[in-house]
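Enquirer: Just one file: query.txt, with compact mmCIF, C-alpha atoms.
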# COMPACT_ATOMS: atom_id res chain seq x y z
CA MET A 63 -71.40 39.31 -32.26
CA THR A 64 -74.73 39.35 -34.08
CA LEU A 65 -73.20 37.41 -36.94
CA LEU A 66 -71.53 34.92 -34.64
CA THR A 67 -74.80 34.36 -32.76
CA LEU A 68 -76.58 33.79 -36.08
CA SER A 69 -73.92 31.41 -37.29
CA ALA A 70 -74.33 29.38 -34.11
CA SER A 71 -78.14 29.42 -33.96
CA VAL A 72 -79.74 29.79 -37.43
CA PRO A 73 -80.34 26.21 -38.69
CA GLY A 74 -78.89 26.65 -42.21
CA MET A 75 -75.78 28.38 -40.90
CA LYS A 76 -75.30 25.93 -38.09
CA PRO A 77 -73.13 22.95 -38.87
CA THR A 78 -75.17 19.75 -39.19
CA CYS A 79 -74.54 17.00 -36.67
CA ASP A 80 -75.24 13.30 -37.11
CA PRO A 81 -76.51 11.06 -34.28
CA GLN A 82 -72.94 10.13 -33.32
CA GLU A 83 -72.39 13.82 -32.56
CA ASN A 84 -69.94 14.31 -35.38
CA CYS A 85 -70.49 17.76 -36.87
CA HIS A 86 -69.79 18.67 -40.48
CA ALA A 87 -69.33 22.36 -41.12
CA THR A 88 -69.28 23.49 -44.73
CA LYS A 89 -66.55 25.78 -45.96
CA GLY A 90 -69.04 28.67 -46.14
CA GLN A 91 -70.15 28.18 -42.53
CA SER A 92 -66.57 28.20 -41.30
CA THR A 93 -65.84 31.30 -43.38
CA ILE A 94 -68.83 33.18 -41.91
CA CYS A 95 -67.67 32.24 -38.43
CA PHE A 96 -64.11 33.45 -39.05
CA VAL A 97 -65.14 36.66 -40.79
CA ALA A 98 -67.34 37.40 -37.76
CA LEU A 99 -64.51 36.62 -35.35
CA TYR A 100 -62.01 38.87 -37.13
CA LEU A 101 -64.55 41.69 -37.33
CA ILE A 102 -64.83 41.36 -33.57
CA ALA A 103 -61.04 41.61 -33.39
CA LEU A 104 -61.14 44.83 -35.44
CA GLY A 105 -63.91 46.30 -33.30
CA THR A 106 -61.98 45.45 -30.14
CA GLY A 107 -58.99 47.18 -31.67
CA GLY A 108 -60.85 50.46 -31.92
CA ILE A 109 -62.52 50.25 -28.54
CA LYS A 110 -59.98 48.68 -26.17
CA PRO A 111 -57.21 51.32 -26.28
CA CYS A 112 -59.72 54.17 -26.15
CA VAL A 113 -62.14 53.39 -23.32
CA SER A 114 -59.70 53.61 -20.43
CA SER A 115 -57.95 56.75 -21.70
CA PHE A 116 -61.30 58.26 -22.65
CA GLY A 117 -62.39 57.60 -19.07
CA ALA A 118 -59.29 59.41 -17.82
CA ASP A 119 -60.07 62.35 -20.13
CA GLN A 120 -63.32 62.93 -18.26
CA PHE A 121 -61.50 64.05 -15.12
CA ASP A 122 -59.44 67.19 -14.69
CA ASP A 123 -56.17 66.46 -12.86
CA ALA A 124 -55.89 70.08 -11.74
CA ASP A 125 -59.06 69.71 -9.67
CA GLU A 126 -58.50 67.83 -6.37
CA ALA A 127 -62.06 66.47 -6.14
CA GLU A 128 -62.00 65.26 -9.75
CA LYS A 129 -58.60 63.64 -9.21
CA GLU A 130 -60.16 61.62 -6.40
CA HIS A 131 -63.12 60.69 -8.61
CA LYS A 132 -60.71 59.51 -11.27
CA SER A 133 -59.01 56.94 -9.07
CA SER A 134 -62.42 55.81 -7.82
CA PHE A 135 -63.55 55.50 -11.45
CA PHE A 136 -60.60 53.26 -12.31
CA ASN A 137 -61.27 51.09 -9.23
CA TRP A 138 -64.81 50.46 -10.44
CA PHE A 139 -63.59 50.07 -14.02
CA TYR A 140 -61.15 47.28 -13.15
CA LEU A 141 -63.65 45.70 -10.79
CA SER A 142 -66.24 45.43 -13.56
CA ILE A 143 -63.68 44.13 -16.06
CA ASN A 144 -62.66 41.36 -13.66
CA VAL A 145 -66.24 40.52 -12.66
CA GLY A 146 -67.03 40.34 -16.39
CA ALA A 147 -64.09 38.00 -16.98
CA LEU A 148 -65.24 35.83 -14.06
CA VAL A 149 -68.80 35.59 -15.42
CA ALA A 150 -67.47 34.88 -18.92
CA ALA A 151 -65.19 32.10 -17.72
CA SER A 152 -67.79 30.45 -15.49
CA LEU A 153 -71.42 31.22 -16.28
CA LEU A 154 -71.02 31.69 -20.05
CA VAL A 155 -68.91 28.56 -20.47
CA TRP A 156 -71.60 26.68 -18.57
CA VAL A 157 -74.31 28.12 -20.86
CA GLN A 158 -72.25 27.23 -23.95
CA THR A 159 -71.68 23.63 -22.90
CA THR A 160 -75.05 22.80 -21.32
CA VAL A 161 -77.64 25.15 -22.89
CA SER A 162 -76.54 26.07 -26.43
CA TRP A 163 -73.84 27.86 -28.38
CA GLY A 164 -76.48 30.26 -29.71
CA TRP A 165 -77.22 31.54 -26.21
CA GLY A 166 -73.55 31.37 -25.31
CA PHE A 167 -72.71 33.92 -28.03
CA GLY A 168 -76.08 35.68 -27.83
CA ILE A 169 -75.79 36.81 -24.21
CA PRO A 170 -72.48 38.70 -24.76
CA ALA A 171 -73.90 40.13 -28.03
CA VAL A 172 -76.91 41.55 -26.15
CA ALA A 173 -74.67 42.80 -23.34
CA MET A 174 -72.44 44.53 -25.91
CA ALA A 175 -75.45 46.16 -27.62
CA ILE A 176 -76.71 47.48 -24.26
CA ALA A 177 -73.23 48.78 -23.43
CA VAL A 178 -72.86 50.60 -26.77
CA VAL A 179 -76.31 52.20 -26.48
CA SER A 180 -75.69 53.34 -22.90
CA PHE A 181 -72.25 54.70 -23.83
CA PHE A 182 -73.64 56.82 -26.67
CA SER A 183 -76.63 57.97 -24.61
CA GLY A 184 -74.14 59.95 -22.52
CA THR A 185 -72.60 61.74 -25.54
CA LYS A 186 -73.64 65.24 -24.49
CA LEU A 187 -71.95 64.87 -21.09
CA TYR A 188 -68.50 63.85 -22.32
CA ARG A 189 -65.36 65.92 -22.43
CA ASN A 190 -63.44 65.36 -25.62
CA GLN A 191 -59.72 65.83 -26.16
CA LYS A 192 -58.53 66.86 -29.61
CA PRO A 193 -56.29 64.45 -31.50
CA GLY A 194 -52.68 65.66 -31.65
CA GLY A 195 -51.69 64.69 -35.20
CA SER A 196 -49.50 61.75 -36.11
CA PRO A 197 -46.79 61.02 -33.52
CA LEU A 198 -44.56 59.68 -36.32
CA THR A 199 -44.20 63.21 -37.74
CA ARG A 200 -43.04 64.54 -34.38
CA ILE A 201 -40.64 61.66 -33.78
CA SER A 202 -38.97 62.29 -37.15
CA GLN A 203 -38.90 66.05 -36.41
CA VAL A 204 -36.96 65.35 -33.21
CA ILE A 205 -34.51 63.05 -34.99
CA VAL A 206 -33.91 65.52 -37.85
CA ALA A 207 -33.54 68.50 -35.48
CA SER A 208 -31.10 66.69 -33.18
CA ILE A 209 -28.93 65.63 -36.13
CA ARG A 210 -28.90 69.12 -37.64
CA LYS A 211 -28.08 70.83 -34.34
CA TYR A 212 -25.68 68.36 -32.77
CA ASP A 213 -22.81 70.86 -32.56
CA VAL A 214 -24.85 73.78 -31.12
CA GLU A 215 -23.83 74.68 -27.57
CA VAL A 216 -26.52 74.38 -24.85
CA PRO A 217 -27.15 77.72 -23.03
CA ASP A 218 -26.80 77.77 -19.20
CA ASP A 219 -30.10 79.59 -18.74
CA LYS A 220 -33.31 78.00 -20.03
CA SER A 221 -34.50 81.39 -21.34
CA GLY A 222 -31.89 80.96 -24.08
CA LEU A 223 -33.76 77.93 -25.39
CA TYR A 224 -36.42 78.06 -28.08
CA GLU A 225 -39.92 78.33 -26.65
CA ILE A 226 -43.37 78.85 -28.18
CA GLU A 227 -45.61 81.80 -27.24
CA GLU A 228 -48.47 79.98 -25.46
CA GLU A 229 -48.31 79.79 -21.68
CA SER A 230 -49.75 76.37 -20.86
CA GLU A 231 -50.48 74.55 -24.10
CA SER A 232 -47.72 72.94 -26.17
CA ALA A 233 -47.36 73.08 -29.96
CA ILE A 234 -49.17 69.74 -29.99
CA GLN A 235 -52.86 70.60 -29.96
CA GLY A 236 -54.57 69.66 -26.70
CA SER A 237 -51.37 68.64 -24.89
CA ARG A 238 -49.71 70.17 -21.85
CA LYS A 239 -46.27 71.76 -22.01
CA LEU A 240 -43.35 69.82 -20.53
CA GLU A 241 -41.07 71.63 -18.07
CA HIS A 242 -37.42 72.06 -19.02
CA SER A 243 -35.23 69.53 -17.28
CA ASN A 244 -31.60 69.64 -16.15
CA GLY A 245 -31.46 65.87 -16.15
CA LEU A 246 -30.29 65.39 -19.72
CA ARG A 247 -27.50 67.94 -19.90
CA MET B 80 -65.06 34.93 -25.66
CA SER B 81 -61.88 32.96 -26.22
CA THR B 82 -62.32 30.80 -23.10
CA ASN B 83 -64.42 28.18 -24.80
CA LEU B 84 -63.66 28.88 -28.44
CA VAL B 85 -61.40 25.84 -28.85
CA SER B 86 -64.24 23.50 -27.93
CA TYR B 87 -66.60 25.40 -30.26
CA PHE B 88 -64.20 24.92 -33.15
CA LYS B 89 -63.72 21.26 -32.23
CA THR B 90 -67.35 20.27 -31.67
CA GLN B 91 -69.21 22.58 -34.06
CA LEU B 92 -66.76 23.25 -36.88
CA ASN B 93 -65.25 19.78 -36.65
CA GLN B 94 -61.68 21.01 -36.45
CA HIS B 95 -58.76 18.98 -35.18
CA SER B 96 -57.45 20.00 -31.72
CA ALA B 97 -54.26 21.45 -33.18
CA THR B 98 -56.13 23.42 -35.87
CA ALA B 99 -58.66 24.66 -33.34
CA SER B 100 -56.09 25.97 -30.89
CA LYS B 101 -54.04 27.45 -33.74
CA ASN B 102 -57.11 29.33 -34.93
CA VAL B 103 -57.93 30.59 -31.44
CA ALA B 104 -54.33 31.67 -30.91
CA ASN B 105 -54.28 33.51 -34.25
CA TRP B 106 -57.50 35.28 -33.41
CA GLY B 107 -56.32 36.11 -29.89
CA GLY B 108 -53.09 37.50 -31.31
CA THR B 109 -55.03 39.67 -33.75
CA CYS B 110 -57.06 41.00 -30.82
CA TYR B 111 -53.82 42.12 -29.20
CA ILE B 112 -52.45 43.78 -32.35
CA THR B 113 -55.54 45.69 -33.53
CA PRO B 114 -55.57 48.03 -30.47
CA LEU B 115 -52.25 49.41 -31.78
CA ILE B 116 -54.03 50.47 -34.97
CA GLY B 117 -56.98 51.82 -33.01
CA ALA B 118 -54.73 53.73 -30.62
CA PHE B 119 -52.77 55.33 -33.48
CA VAL B 120 -55.95 56.36 -35.29
CA ALA B 121 -57.38 57.81 -32.06
CA ASP B 122 -54.27 59.73 -31.02
CA ALA B 123 -53.34 61.04 -34.43
CA TYR B 124 -56.54 61.74 -36.30
CA LEU B 125 -59.95 61.03 -34.82
CA GLY B 126 -59.74 61.52 -31.07
CA ARG B 127 -60.91 58.85 -28.66
CA TYR B 128 -64.64 59.52 -28.76
CA LEU B 129 -64.91 59.41 -32.56
CA THR B 130 -62.71 56.31 -32.71
CA ILE B 131 -65.01 54.48 -30.31
CA LEU B 132 -68.00 55.80 -32.28
CA TYR B 133 -66.73 54.86 -35.75
CA PHE B 134 -65.34 51.46 -34.83
CA SER B 135 -68.51 50.41 -33.04
CA VAL B 136 -70.84 51.94 -35.67
CA VAL B 137 -68.93 50.34 -38.58
CA TYR B 138 -68.85 47.13 -36.58
CA VAL B 139 -72.59 47.13 -35.86
CA ILE B 140 -73.49 48.10 -39.47
CA VAL B 141 -71.23 45.41 -40.94
CA SER B 142 -72.62 42.73 -38.64
CA ILE B 143 -76.26 43.73 -39.25
CA VAL B 144 -75.80 44.00 -43.04
CA SER B 145 -74.00 40.68 -43.24
CA SER B 146 -76.58 39.03 -40.97
CA ILE B 147 -79.38 40.27 -43.26
CA PHE B 148 -77.35 39.18 -46.28
CA THR B 149 -76.80 35.70 -44.89
CA LEU B 150 -80.45 35.46 -43.84
CA LEU B 151 -81.51 36.40 -47.41
CA LEU B 152 -79.04 33.87 -48.75
CA LEU B 153 -80.60 31.24 -46.50
CA THR B 154 -84.10 32.03 -47.80
CA VAL B 155 -82.83 31.81 -51.38
CA MET B 156 -81.20 28.48 -50.59
CA VAL B 157 -84.41 27.15 -48.99
CA GLU B 158 -86.54 28.38 -51.93
CA SER B 159 -84.24 26.86 -54.55
CA ARG B 160 -84.29 23.62 -52.62
CA GLU B 161 -88.12 23.69 -52.62
CA GLU B 162 -88.19 24.25 -56.38
CA ILE B 163 -86.18 21.14 -56.96
Represent the supplied structure as structure tokens.
Expert:
Amino acid sequence: MTLLTLSASVPGMKPTCDPQENCHATKGQSTICFVALYLIALGTGGIKPCVSSFGADQFDDADEAEKEHKSSFFNWFYLSINVGALVAASLLVWVQTTVSWGWGFGIPAVAMAIAVVSFFSGTKLYRNQKPGGSPLTRISQVIVASIRKYDVEVPDDKSGLYEIEEESESAIQGSRKLEHSNGLR
Amino acid sequence: MSTNLVSYFKTQLNQHSATASKNVANWGGTCYITPLIGAFVADAYLGRYLTILYFSVVYVIVSIVSSIFTLLLLTVMVESREEI
């Protein structure tokens, strides 16, 4: 964002325009702009899938009051996303076309900086879930195990099935155990 | 961001309409693919908090460093122009 704002506002980085309003961007200026854009894409990639699930991590489903807070949290979350999209599509486009491109990219850059600072100021209050290791390993484990044991007979009682020692937590760190089901017999 | 990007490319970077919308579509597509990478990294190795932390910290550092770099480059360009 910072880079994009610079590329749209710093005179030497800004494409030069002649009186007929034809702009001539150099190769370097275009490159800076695209590098900035794809860095934004990468940053989005790390943040987008995590914020909503990180928000859900903050509430304990076993607690009734927290469960209620969670659905309220997601209501506000989607409200702010949509209000943000509305402002971006109306006010910011207006700023970009009538005021300047520098401000048009600068306002979201400042907003993003404020958001990042306020998110990290709450660090001590957050609940963190442990990562569970690569899912690809577990998927291949399931495939290998089901091939190797395809001719083993399924016991009628679930106590005959393999089970790990722990009561509530599964072998995957930080995940809940799944109940045995009769649905796939 | 992407709402007005086509007109930015057209008016400021002097791109043809087709090129501009191709570039915006490519970028938009990348924005939809990168969360898959981020999600995998978060679930498998880093956890969500650290993923958000690293991606935004790396992001901020890269943008600040490259802004400083480009600013320095600009000064060098201006100085060399003055020498001539």
Enquirer: Taking only C-alpha atoms into account, produce a table as a tab-separated table in which each residue of chain A with an atom at most 6 Å from an atom of chain B appears once, together with its shortest atom pair and the distance in Å to one decimal, ordered by chain and rising number.
Expert:
residue	atom	partner	partner_atom	distance
A:Leu65	CA	B:Ser146	CA	5.5
A:Cys85	CA	B:Asn93	CA	5.6
A:Ala87	CA	B:Leu92	CA	5.0
A:Ala103	CA	B:Cys110	CA	4.8
A:Leu104	CA	B:Thr113	CA	6.0
A:Gly105	CA	B:Phe134	CA	5.6
A:Gly107	CA	B:Pro114	CA	3.7
A:Gly108	CA	B:Gly117	CA	4.2
A:Ile109	CA	B:Ile131	CA	5.2
A:Pro111	CA	B:Ala118	CA	5.5
A:Cys112	CA	B:Arg127	CA	5.4
A:Lys192	CA	B:Gly126	CA	5.7
A:Pro193	CA	B:Gly126	CA	4.5
A:Gly194	CA	B:Ala123	CA	5.4
A:Gly195	CA	B:Ala123	CA	4.1
A:Ser196	CA	B:Ala123	CA	4.3
Enquirer: Using the selection just defined, write its residues with C-alpha atoms as a PDB file, in the frame of the given file.
Expert:
ATOM      1  CA  LEU A  65     -73.200  37.410 -36.940  1.00  0.00           C
ATOM      2  CA  CYS A  85     -70.490  17.760 -36.870  1.00  0.00           C
ATOM      3  CA  ALA A  87     -69.330  22.360 -41.120  1.00  0.00           C
ATOM      4  CA  ALA A 103     -61.040  41.610 -33.390  1.00  0.00           C
ATOM      5  CA  LEU A 104     -61.140  44.830 -35.440  1.00  0.00           C
ATOM      6  CA  GLY A 105     -63.910  46.300 -33.300  1.00  0.00           C
ATOM      7  CA  GLY A 107     -58.990  47.180 -31.670  1.00  0.00           C
ATOM      8  CA  GLY A 108     -60.850  50.460 -31.920  1.00  0.00           C
ATOM      9  CA  ILE A 109     -62.520  50.250 -28.540  1.00  0.00           C
ATOM     10  CA  PRO A 111     -57.210  51.320 -26.280  1.00  0.00           C
ATOM     11  CA  CYS A 112     -59.720  54.170 -26.150  1.00  0.00           C
ATOM     12  CA  LYS A 192     -58.530  66.860 -29.610  1.00  0.00           C
ATOM     13  CA  PRO A 193     -56.290  64.450 -31.500  1.00  0.00           C
ATOM     14  CA  GLY A 194     -52.680  65.660 -31.650  1.00  0.00           C
ATOM     15  CA  GLY A 195     -51.690  64.690 -35.200  1.00  0.00           C
ATOM     16  CA  SER A 196     -49.500  61.750 -36.110  1.00  0.00           C
TER      17      SER A 196
END
Enquirer: For the atom pair atom CA of A:Phe116 and atom CA of A:Gln191, what is the interatomic distance in Å to one decimal place?
Expert: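 A separation of 8.5 Å between them.
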Enquirer: Suppose you want the space between atom CA of A:Phe136 and atom CA of A:Ser115; what is it in Å?
Expert: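 Separation of atom CA of A:Phe136 and atom CA of A:Ser115: 10.4 Å.
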Enquirer: So how many Å separate atom CA of A:Ser152 and atom CA of A:Ala173, to one decimal?
Expert: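 We find that atom CA of A:Ser152 and atom CA of A:Ala173 lie 16.2 Å from each other.
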Enquirer: Using the file's own x, y and z axes, what box holds all listed atoms of stretch 101-106 of chain B with 6 Å on each side, keeping edges along x, y and z, and what are its centre and edge lengths in Å to one decimal, as lines of an AutoDock Vina configuration file?
Expert:
center_x = -56.0
center_y = 31.4
center_z = -32.9
size_x = 15.9
size_y = 19.8
size_z = 16.0
